[in-house]
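Here is the structure we will look at.
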Amino acid sequence: MNTIRISALLCAAVLLLASGCAKRTVVGPVASPAPAVTGPQSLAHTVREGETLSRIADLYYGDPARAEAIAAANGVTSETRLGAGSVLLLHFLPQEYDLARRRAAALEPYNRGVTALAAGDLTEAERQFRLALHTVPDLADARYNLALVLLRRGQAEAAADLLRPLVRERPAETDFGFALGNALFQQTRFLEAAQTFARVLADDPTHRRAAFGHARALTEAGSRQEAIAAWQRYLELDSASSWAVEARRHLRELRGG
């Protein structure tokens, strides 16, 4: 069984901030939450392509920082590139084990939700993500992907309500912050959206989608000088794509011609 995070593109979040942007989803790292029971309070996890220790720690413990403990228990380092098909032994305290098994069970409807979302079946995707959250209410990826479903349905306020606590809990997760920026933009809360995109850029200055969103939000807010500077920064990251063409058009308009 594979778990997948659907990354939020500007277009996937229904904003269509750049004309002609393809409406598609991006599949991120995958994990395999169908563990073998190897003994009391232990599970064996088979690594999937692109998976990281922090991702595995998040899936089973709800805490990416437990990656170091997984590494130590399996004789690898946190920087080791995990080979697909390799097996990691995960150990749990007695009070953790029941939750770990429930998290693994919650990933079954979560995966079905990911498949439905990729196929554009928003009704089924929402149903499956809510089933996963009924089992494990703090499953971060299910909360995030449910927010993406709500964004695509135009329910930006409900999506923002899901995303705000995720951003507080995981400020370094740029996917979460970027999606929140989109939710605020969709509500025409342009200055708040610009501030949210700016926080994403503070963590990742090369995040082109956040740079575009930041400049577009400032433009819509009427912050002319700040928007000009933001579009110029965007063009430092991207000078050739269709989004760059859009950026130059905005710059010409802001400069009065």
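Chain identifiers are assigned as A, B, and so on, following the order in which chains appear in the structure tokens; residues are numbered from 1 within each chain, and ligands are numbered from 1 in order of appearance.
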
Find the residues near A:Tyr234: any atom within 8 Å, counting only C-alpha atoms, skip ones fewer than 5 places away on the same chain, and give them as an NGL selection string.
:A and (208 or 211-212 or 215 or 244 or 247)

Just write the chosen residues, C-alpha atoms, as a short mmCIF file (atom, residue, chain, number, x, y, z; two decimals), in the first residue's frame.
```cif
data_model
loop_
_atom_site.label_atom_id
_atom_site.label_comp_id
_atom_site.auth_asym_id
_atom_site.auth_seq_id
_atom_site.Cartn_x
_atom_site.Cartn_y
_atom_site.Cartn_z
CA ARG A 208 9.00 29.83 -7.54
CA ALA A 211 7.33 33.89 -5.33
CA PHE A 212 4.67 34.14 -8.05
CA ALA A 215 3.89 39.05 -6.31
CA ALA A 244 7.78 34.70 -16.60
CA ALA A 247 5.35 38.39 -14.64
#
```

Every residue of stretch 7-228 of chain A that DSSP places in helix (DSSP H, G or I), as a PDB file with C-alpha atoms, in the first residue's frame:
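Result file follows (out_0.pdb):
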```pdb
ATOM      1  CA  LEU A  53      13.304   8.713   7.341  1.00  0.00           C
ATOM      2  CA  SER A  54      11.442  11.830   8.447  1.00  0.00           C
ATOM      3  CA  ARG A  55       8.486  10.855   6.275  1.00  0.00           C
ATOM      4  CA  ILE A  56       8.390   7.370   7.816  1.00  0.00           C
ATOM      5  CA  ALA A  57       8.681   8.852  11.297  1.00  0.00           C
ATOM      6  CA  ASP A  58       5.778  11.169  10.541  1.00  0.00           C
ATOM      7  CA  LEU A  59       3.620   8.308   9.279  1.00  0.00           C
ATOM      8  CA  TYR A  60       4.095   6.018  12.258  1.00  0.00           C
ATOM      9  CA  TYR A  61       4.941   8.307  15.166  1.00  0.00           C
ATOM     10  CA  PRO A  64       9.318  13.680  11.807  1.00  0.00           C
ATOM     11  CA  ALA A  65      11.984  14.244  14.493  1.00  0.00           C
ATOM     12  CA  ARG A  66      11.808  10.526  15.367  1.00  0.00           C
ATOM     13  CA  ALA A  67      13.808   9.917  12.184  1.00  0.00           C
ATOM     14  CA  GLU A  68      17.027   9.904  14.198  1.00  0.00           C
ATOM     15  CA  ALA A  69      15.738   7.124  16.455  1.00  0.00           C
ATOM     16  CA  ILE A  70      14.747   5.045  13.419  1.00  0.00           C
ATOM     17  CA  ALA A  71      18.195   5.627  11.919  1.00  0.00           C
ATOM     18  CA  ALA A  72      19.977   4.581  15.121  1.00  0.00           C
ATOM     19  CA  ALA A  73      17.857   1.438  15.495  1.00  0.00           C
ATOM     20  CA  PRO A  94       3.747   0.200  24.819  1.00  0.00           C
ATOM     21  CA  GLN A  95       1.696   3.379  24.944  1.00  0.00           C
ATOM     22  CA  GLU A  96       2.637   4.198  21.322  1.00  0.00           C
ATOM     23  CA  TYR A  97       1.945   0.868  19.685  1.00  0.00           C
ATOM     24  CA  ASP A  98      -1.832   1.032  19.470  1.00  0.00           C
ATOM     25  CA  LEU A  99      -1.687   4.478  17.867  1.00  0.00           C
ATOM     26  CA  ALA A 100       0.955   3.282  15.380  1.00  0.00           C
ATOM     27  CA  ARG A 101      -1.327   0.460  14.265  1.00  0.00           C
ATOM     28  CA  ARG A 102      -4.267   2.862  13.996  1.00  0.00           C
ATOM     29  CA  ARG A 103      -2.151   5.215  11.910  1.00  0.00           C
ATOM     30  CA  ALA A 104      -1.317   2.335   9.562  1.00  0.00           C
ATOM     31  CA  ALA A 105      -5.028   1.506   9.310  1.00  0.00           C
ATOM     32  CA  ALA A 106      -5.902   5.166   8.608  1.00  0.00           C
ATOM     33  CA  LEU A 107      -3.517   5.167   5.670  1.00  0.00           C
ATOM     34  CA  GLU A 108      -5.778   2.747   3.783  1.00  0.00           C
ATOM     35  CA  PRO A 109      -8.629   5.251   3.247  1.00  0.00           C
ATOM     36  CA  TYR A 110      -6.026   8.003   2.899  1.00  0.00           C
ATOM     37  CA  ASN A 111      -4.484   6.194  -0.078  1.00  0.00           C
ATOM     38  CA  ARG A 112      -7.891   5.751  -1.653  1.00  0.00           C
ATOM     39  CA  GLY A 113      -8.448   9.473  -1.201  1.00  0.00           C
ATOM     40  CA  VAL A 114      -5.165  10.261  -2.952  1.00  0.00           C
ATOM     41  CA  THR A 115      -6.158   8.050  -5.883  1.00  0.00           C
ATOM     42  CA  ALA A 116      -9.581   9.710  -6.091  1.00  0.00           C
ATOM     43  CA  LEU A 117      -8.057  13.198  -5.916  1.00  0.00           C
ATOM     44  CA  ALA A 118      -5.587  12.408  -8.691  1.00  0.00           C
ATOM     45  CA  LEU A 122     -13.488  15.233  -5.301  1.00  0.00           C
ATOM     46  CA  THR A 123     -16.517  13.667  -3.604  1.00  0.00           C
ATOM     47  CA  GLU A 124     -14.791  10.330  -3.090  1.00  0.00           C
ATOM     48  CA  ALA A 125     -11.501  11.990  -2.162  1.00  0.00           C
ATOM     49  CA  GLU A 126     -13.188  14.028   0.559  1.00  0.00           C
ATOM     50  CA  ARG A 127     -15.022  10.984   1.880  1.00  0.00           C
ATOM     51  CA  GLN A 128     -11.848   8.915   2.136  1.00  0.00           C
ATOM     52  CA  PHE A 129      -9.758  11.664   3.718  1.00  0.00           C
ATOM     53  CA  ARG A 130     -12.478  12.206   6.323  1.00  0.00           C
ATOM     54  CA  LEU A 131     -12.529   8.457   7.028  1.00  0.00           C
ATOM     55  CA  ALA A 132      -8.775   8.552   7.612  1.00  0.00           C
ATOM     56  CA  LEU A 133      -9.137  11.519   9.944  1.00  0.00           C
ATOM     57  CA  HIS A 134     -11.933   9.793  11.840  1.00  0.00           C
ATOM     58  CA  THR A 135      -9.379   7.104  12.750  1.00  0.00           C
ATOM     59  CA  ALA A 140      -1.124  15.653   8.753  1.00  0.00           C
ATOM     60  CA  ASP A 141      -1.153  14.543   5.135  1.00  0.00           C
ATOM     61  CA  ALA A 142      -4.858  13.683   5.270  1.00  0.00           C
ATOM     62  CA  ARG A 143      -5.636  17.121   6.703  1.00  0.00           C
ATOM     63  CA  TYR A 144      -3.523  18.772   4.011  1.00  0.00           C
ATOM     64  CA  ASN A 145      -5.056  16.846   1.128  1.00  0.00           C
ATOM     65  CA  LEU A 146      -8.579  17.397   2.461  1.00  0.00           C
ATOM     66  CA  ALA A 147      -7.761  21.117   2.396  1.00  0.00           C
ATOM     67  CA  LEU A 148      -6.738  20.778  -1.258  1.00  0.00           C
ATOM     68  CA  VAL A 149     -10.091  19.124  -2.019  1.00  0.00           C
ATOM     69  CA  LEU A 150     -11.917  21.989  -0.322  1.00  0.00           C
ATOM     70  CA  LEU A 151      -9.863  24.543  -2.248  1.00  0.00           C
ATOM     71  CA  ARG A 152     -10.761  22.890  -5.533  1.00  0.00           C
ATOM     72  CA  ALA A 156     -11.400  28.415   0.783  1.00  0.00           C
ATOM     73  CA  GLU A 157     -12.408  29.420   4.311  1.00  0.00           C
ATOM     74  CA  ALA A 158     -12.863  25.784   5.390  1.00  0.00           C
ATOM     75  CA  ALA A 159      -9.546  24.908   3.744  1.00  0.00           C
ATOM     76  CA  ALA A 160      -7.780  27.718   5.610  1.00  0.00           C
ATOM     77  CA  ASP A 161      -9.234  26.443   8.899  1.00  0.00           C
ATOM     78  CA  LEU A 162      -7.529  23.095   8.237  1.00  0.00           C
ATOM     79  CA  LEU A 163      -4.274  24.616   7.059  1.00  0.00           C
ATOM     80  CA  ARG A 164      -3.637  27.189   9.799  1.00  0.00           C
ATOM     81  CA  PRO A 165      -2.937  24.630  12.558  1.00  0.00           C
ATOM     82  CA  LEU A 166      -0.800  22.598  10.139  1.00  0.00           C
ATOM     83  CA  VAL A 167       1.320  25.676   9.412  1.00  0.00           C
ATOM     84  CA  ARG A 168       1.667  26.383  13.149  1.00  0.00           C
ATOM     85  CA  GLU A 169       2.649  22.779  13.851  1.00  0.00           C
ATOM     86  CA  THR A 174       6.434  24.779   2.595  1.00  0.00           C
ATOM     87  CA  ASP A 175       3.582  22.793   0.968  1.00  0.00           C
ATOM     88  CA  PHE A 176       1.352  23.651   3.921  1.00  0.00           C
ATOM     89  CA  GLY A 177       2.251  27.344   3.920  1.00  0.00           C
ATOM     90  CA  PHE A 178       1.874  27.610   0.161  1.00  0.00           C
ATOM     91  CA  ALA A 179      -1.594  26.036   0.271  1.00  0.00           C
ATOM     92  CA  LEU A 180      -2.630  28.425   3.068  1.00  0.00           C
ATOM     93  CA  GLY A 181      -1.475  31.354   0.948  1.00  0.00           C
ATOM     94  CA  ASN A 182      -3.669  30.085  -1.867  1.00  0.00           C
ATOM     95  CA  ALA A 183      -6.653  29.703   0.467  1.00  0.00           C
ATOM     96  CA  LEU A 184      -6.262  33.299   1.637  1.00  0.00           C
ATOM     97  CA  PHE A 185      -5.839  34.537  -1.922  1.00  0.00           C
ATOM     98  CA  GLN A 186      -9.020  32.738  -2.943  1.00  0.00           C
ATOM     99  CA  PHE A 190      -4.542  39.525  -0.480  1.00  0.00           C
ATOM    100  CA  LEU A 191      -2.270  41.124   2.127  1.00  0.00           C
ATOM    101  CA  GLU A 192      -2.562  38.074   4.400  1.00  0.00           C
ATOM    102  CA  ALA A 193      -1.859  35.851   1.408  1.00  0.00           C
ATOM    103  CA  ALA A 194       1.226  37.926   0.553  1.00  0.00           C
ATOM    104  CA  GLN A 195       2.490  37.626   4.132  1.00  0.00           C
ATOM    105  CA  THR A 196       1.951  33.859   4.071  1.00  0.00           C
ATOM    106  CA  PHE A 197       3.791  33.448   0.764  1.00  0.00           C
ATOM    107  CA  ALA A 198       6.587  35.633   2.168  1.00  0.00           C
ATOM    108  CA  ARG A 199       7.003  33.234   5.101  1.00  0.00           C
ATOM    109  CA  VAL A 200       7.319  30.337   2.660  1.00  0.00           C
ATOM    110  CA  LEU A 201       9.992  32.281   0.785  1.00  0.00           C
ATOM    111  CA  ALA A 202      11.834  32.971   4.029  1.00  0.00           C
ATOM    112  CA  ASP A 203      12.211  29.203   4.443  1.00  0.00           C
ATOM    113  CA  ARG A 208       8.999  29.835  -7.541  1.00  0.00           C
ATOM    114  CA  ARG A 209       5.286  29.185  -6.988  1.00  0.00           C
ATOM    115  CA  ALA A 210       5.372  31.055  -3.682  1.00  0.00           C
ATOM    116  CA  ALA A 211       7.329  33.890  -5.334  1.00  0.00           C
ATOM    117  CA  PHE A 212       4.674  34.145  -8.053  1.00  0.00           C
ATOM    118  CA  GLY A 213       1.860  34.016  -5.494  1.00  0.00           C
ATOM    119  CA  HIS A 214       3.569  36.660  -3.374  1.00  0.00           C
ATOM    120  CA  ALA A 215       3.894  39.051  -6.308  1.00  0.00           C
ATOM    121  CA  ARG A 216       0.348  38.407  -7.531  1.00  0.00           C
ATOM    122  CA  ALA A 217      -1.130  38.917  -4.048  1.00  0.00           C
ATOM    123  CA  LEU A 218       0.713  42.230  -3.644  1.00  0.00           C
ATOM    124  CA  THR A 219      -0.518  43.278  -7.081  1.00  0.00           C
ATOM    125  CA  GLU A 220      -4.128  42.477  -6.209  1.00  0.00           C
ATOM    126  CA  ALA A 221      -3.729  44.279  -2.866  1.00  0.00           C
ATOM    127  CA  ARG A 224       2.410  48.852  -6.248  1.00  0.00           C
ATOM    128  CA  GLN A 225       6.056  49.321  -5.252  1.00  0.00           C
ATOM    129  CA  GLU A 226       6.180  46.111  -3.234  1.00  0.00           C
ATOM    130  CA  ALA A 227       4.575  44.252  -6.140  1.00  0.00           C
ATOM    131  CA  ILE A 228       7.141  45.616  -8.616  1.00  0.00           C
TER     132      ILE A 228
END
```

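One distance worth recording is that between atom CA of A:Ser78 and atom CA of A:Glu51, which is 12.1 Å.
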